[in-house]
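Notes follow the structure.
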Amino acid sequence: MKSIDELKTTYPGAQAWSFGDNPEMANALAGLVVSGRKTASCGSLASYLAEEPAPKIGSYHIILDGQHSPVCVIRLLAMRLVRFCDVTHEFARKEGEGDLSLEYWRQEHKAFFTRAGFFSEEMELVAEEFRVVEVL
(Lines give C-alpha, C1' and ligand atoms only; values in the text may rest on other atoms or scores of the structure.)
Protein backbone atom coordinates (compact mmCIF):
# COMPACT_ATOMS: atom_id res chain seq x y z
CA MET A 1 0.00 0.00 0.00
CA LYS A 2 1.21 3.49 -0.81
CA SER A 3 1.93 5.85 2.05
CA ILE A 4 0.42 9.31 2.34
CA ASP A 5 3.86 10.80 1.60
CA GLU A 6 4.20 8.72 -1.58
CA LEU A 7 0.75 9.79 -2.69
CA LYS A 8 1.56 13.45 -2.04
CA THR A 9 4.54 13.04 -4.38
CA THR A 10 2.25 11.68 -7.11
CA TYR A 11 -0.47 14.26 -6.37
CA PRO A 12 1.34 17.47 -5.31
CA GLY A 13 -0.73 19.63 -2.99
CA ALA A 14 -3.15 16.82 -2.14
CA GLN A 15 -4.64 16.92 1.34
CA ALA A 16 -5.29 13.69 3.28
CA TRP A 17 -8.53 13.44 5.24
CA SER A 18 -11.48 11.20 6.05
CA PHE A 19 -15.22 11.65 5.67
CA GLY A 20 -17.46 11.87 8.73
CA ASP A 21 -16.78 12.44 12.40
CA ASN A 22 -15.87 8.98 13.69
CA PRO A 23 -13.90 5.93 12.49
CA GLU A 24 -16.98 3.86 11.63
CA MET A 25 -18.43 6.63 9.48
CA ALA A 26 -15.04 7.20 7.83
CA ASN A 27 -14.85 3.51 6.90
CA ALA A 28 -18.42 3.38 5.58
CA LEU A 29 -18.15 6.57 3.52
CA ALA A 30 -14.72 5.68 2.12
CA GLY A 31 -16.21 2.35 1.04
CA LEU A 32 -19.01 4.15 -0.79
CA VAL A 33 -16.46 6.32 -2.60
CA VAL A 34 -14.34 3.33 -3.63
CA SER A 35 -17.44 1.46 -4.86
CA GLY A 36 -18.45 4.44 -7.03
CA ARG A 37 -21.75 4.97 -5.22
CA LYS A 38 -20.62 8.21 -3.52
CA THR A 39 -19.59 10.90 -6.01
CA ALA A 40 -20.46 13.99 -3.97
CA SER A 41 -20.13 15.45 -0.50
CA CYS A 42 -20.73 18.69 1.32
CA GLY A 43 -19.56 20.66 4.29
CA SER A 44 -20.43 23.92 5.96
CA LEU A 45 -19.13 27.03 4.25
CA ALA A 46 -17.59 28.11 7.57
CA SER A 47 -15.48 24.94 7.79
CA TYR A 48 -14.29 25.35 4.18
CA LEU A 49 -13.24 28.94 4.82
CA ALA A 50 -11.15 27.75 7.77
CA GLU A 51 -9.26 25.09 5.73
CA GLU A 52 -5.68 25.72 4.69
CA PRO A 53 -5.43 25.41 1.81
CA ALA A 54 -9.09 25.59 0.87
CA PRO A 55 -10.28 22.91 -1.56
CA LYS A 56 -10.72 24.04 -5.16
CA ILE A 57 -11.93 22.58 -8.43
CA GLY A 58 -9.24 20.33 -9.88
CA SER A 59 -7.57 19.62 -6.54
CA TYR A 60 -6.70 16.08 -5.48
CA HIS A 61 -7.60 14.59 -2.09
CA ILE A 62 -6.33 11.44 -0.42
CA ILE A 63 -9.27 9.75 1.29
CA LEU A 64 -8.45 7.95 4.53
CA ASP A 65 -10.38 5.22 6.31
CA GLY A 66 -11.17 5.22 10.02
CA GLN A 67 -7.68 3.93 10.82
CA HIS A 68 -6.06 6.84 8.89
CA SER A 69 -4.92 4.60 6.03
CA PRO A 70 -5.31 5.87 2.45
CA VAL A 71 -8.01 4.07 0.44
CA CYS A 72 -8.28 6.20 -2.70
CA VAL A 73 -7.54 9.53 -4.33
CA ILE A 74 -10.32 11.77 -5.63
CA ARG A 75 -10.31 14.88 -7.78
CA LEU A 76 -12.83 17.71 -7.28
CA LEU A 77 -14.84 18.34 -10.43
CA ALA A 78 -17.40 20.89 -9.25
CA MET A 79 -18.17 23.04 -6.24
CA ARG A 80 -21.14 25.28 -5.52
CA LEU A 81 -22.82 27.03 -2.63
CA VAL A 82 -26.23 25.80 -1.59
CA ARG A 83 -28.31 26.30 1.54
CA PHE A 84 -29.14 23.16 3.54
CA CYS A 85 -32.85 23.67 2.85
CA ASP A 86 -32.19 23.88 -0.92
CA VAL A 87 -30.28 20.61 -1.38
CA THR A 88 -31.93 18.57 -4.16
CA HIS A 89 -32.88 14.91 -4.53
CA GLU A 90 -30.25 14.66 -7.27
CA PHE A 91 -27.46 15.85 -4.98
CA ALA A 92 -28.63 13.62 -2.11
CA ARG A 93 -28.47 10.63 -4.49
CA LYS A 94 -24.92 11.56 -5.54
CA GLU A 95 -23.88 11.54 -1.88
CA GLY A 96 -24.62 7.80 -2.06
CA GLU A 97 -25.72 7.28 1.53
CA GLY A 98 -28.56 5.23 3.01
CA ASP A 99 -31.54 4.76 0.70
CA LEU A 100 -30.32 7.66 -1.52
CA SER A 101 -33.38 9.76 -0.65
CA LEU A 102 -33.43 13.45 0.18
CA GLU A 103 -35.26 12.61 3.42
CA TYR A 104 -32.43 10.31 4.54
CA TRP A 105 -29.85 12.90 3.50
CA ARG A 106 -31.57 15.65 5.53
CA GLN A 107 -31.92 13.46 8.63
CA GLU A 108 -28.31 12.29 8.64
CA HIS A 109 -26.75 15.64 7.72
CA LYS A 110 -28.85 17.50 10.28
CA ALA A 111 -27.53 15.06 12.92
CA PHE A 112 -23.95 15.49 11.66
CA PHE A 113 -24.05 19.30 11.66
CA THR A 114 -25.84 19.34 15.02
CA ARG A 115 -23.04 17.20 16.53
CA ALA A 116 -20.57 19.73 15.10
CA GLY A 117 -22.52 22.51 16.82
CA PHE A 118 -23.68 24.59 13.88
CA PHE A 119 -26.87 23.30 12.25
CA SER A 120 -29.39 25.63 10.63
CA GLU A 121 -31.89 25.00 7.83
CA GLU A 122 -30.50 28.17 6.23
CA MET A 123 -26.82 27.30 6.65
CA GLU A 124 -24.67 27.56 3.55
CA LEU A 125 -22.97 24.40 2.35
CA VAL A 126 -20.21 23.83 -0.16
CA ALA A 127 -21.51 21.01 -2.35
CA GLU A 128 -18.71 19.13 -4.09
CA GLU A 129 -18.73 16.56 -6.86
CA PHE A 130 -15.69 14.40 -7.46
CA ARG A 131 -14.38 11.34 -9.23
CA VAL A 132 -12.05 8.61 -8.05
CA VAL A 133 -8.69 8.75 -9.83
CA GLU A 134 -6.95 5.95 -7.95
CA VAL A 135 -8.08 3.14 -5.67
CA LEU A 136 -5.36 1.92 -3.32
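Quick note on naming: the chains in the C-alpha coordinates go A, B, ... in the order shown, residues restart at 1 in each chain, and ligands are numbered from 1 in order of appearance.
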As a list in words, please: the residues near A:Phe91 (cut-off 9 Å, only C-alpha atoms, same-chain neighbours under 3 positions excluded).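 Skipping anything fewer than 3 positions along the chain leaves Ala40, Ser41, Val87, Thr88, Lys94, Glu95, Leu102, Ala127 and Glu129 of chain A.
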Rows by chain and residue number, stretch 41-101 of chain A within 6 Å of stretch 13-24 of chain A, shortest pair, only C-alpha atoms, as CSV:
```
residue,atom,partner,partner_atom,distance
A:Tyr60,CA,A:Ala14,CA,4.9
A:His61,CA,A:Ala14,CA,5.0
A:Ile62,CA,A:Ala16,CA,4.4
A:Ile63,CA,A:Ser18,CA,5.4
A:Leu64,CA,A:Ser18,CA,4.7
A:Gly66,CA,A:Pro23,CA,3.8
```
Keeping only N, CA, C and O atoms, write the selected residues to a file as a JSON list (two decimals), in the first residue's frame.
```json
[["chain", "number", "residue", "atom", "x", "y", "z"],
["A", 60, "TYR", "N", -6.69, 17.50, -5.83],
["A", 60, "TYR", "CA", -6.70, 16.08, -5.48],
["A", 60, "TYR", "C", -6.78, 15.93, -3.97],
["A", 60, "TYR", "O", -6.23, 16.76, -3.22],
["A", 61, "HIS", "N", -7.43, 14.85, -3.52],
["A", 61, "HIS", "CA", -7.60, 14.59, -2.09],
["A", 61, "HIS", "C", -7.39, 13.11, -1.83],
["A", 61, "HIS", "O", -7.97, 12.27, -2.53],
["A", 62, "ILE", "N", -6.60, 12.81, -0.83],
["A", 62, "ILE", "CA", -6.33, 11.44, -0.42],
["A", 62, "ILE", "C", -7.35, 11.09, 0.65],
["A", 62, "ILE", "O", -7.38, 11.70, 1.72],
["A", 63, "ILE", "N", -8.21, 10.12, 0.36],
["A", 63, "ILE", "CA", -9.27, 9.75, 1.29],
["A", 63, "ILE", "C", -8.75, 8.64, 2.21],
["A", 63, "ILE", "O", -8.23, 7.62, 1.75],
["A", 64, "LEU", "N", -8.91, 8.88, 3.51],
["A", 64, "LEU", "CA", -8.45, 7.95, 4.53],
["A", 64, "LEU", "C", -9.62, 7.18, 5.11],
["A", 64, "LEU", "O", -10.75, 7.69, 5.16],
["A", 66, "GLY", "N", -11.09, 4.91, 8.59],
["A", 66, "GLY", "CA", -11.17, 5.22, 10.02],
["A", 66, "GLY", "C", -9.90, 4.94, 10.80],
["A", 66, "GLY", "O", -9.76, 5.36, 11.94]]
```
A:Arg80 surroundings by only C-alpha atoms, 9 Å radius, close-in-sequence under 6 positions cut, as JSON, numbers by chain: {"A": [125, 126, 127, 128]}
From the list A:Pro55, A:Leu49, A:Ser44, A:His89, the nearest residue to A:Glu122 using only C-alpha atoms is A:Ser44
Pick from A:Lys110, A:Ile57, A:Gly43, A:Met1 nearest to A:Leu77, counting only C-alpha atoms |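 So, comparing all the options, the nearest one is A:Ile57.
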Taking only chain A into account, list the residues labelled alpha helix (DSSP H) by DSSP (computed from the backbone), as a ChimeraX atom specification. /A:4-10,23-35,45-50,89-95,102-116
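The gap separating atom CA of A:Lys8 from atom CA of A:Leu81 is 27.9 Å, in Å to one decimal.
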Discussion item. DSSP on the backbone, strand (DSSP E) only: what residues of chain A does that give? Format it as a PyMOL selection string.
Written reply: chain A and resi 15-17+40-44+60-64+70-83+124-135
From the list A:Asp65, A:Val133, A:Val33, A:Ala46, the nearest residue to A:Leu7 using only C-alpha atoms is A:Val133
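The residue that comes closest to A:Leu32, out of A:Lys2, A:Pro12, A:Arg115, A:Val71 and on the basis of only C-alpha atoms, is A:Val71.
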With only C-alpha atoms as the basis for distance, which of A:His68, A:Arg93, A:Arg106, A:Arg75 is at the shortest distance from A:Ser3?
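Of all the options, A:His68 lies closest to A:Ser3.
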The residue from A:Tyr11, A:Phe130, A:Val135, A:Met123 with the smallest atom-to-atom distance to A:Ser47, counting only C-alpha atoms, is A:Met123
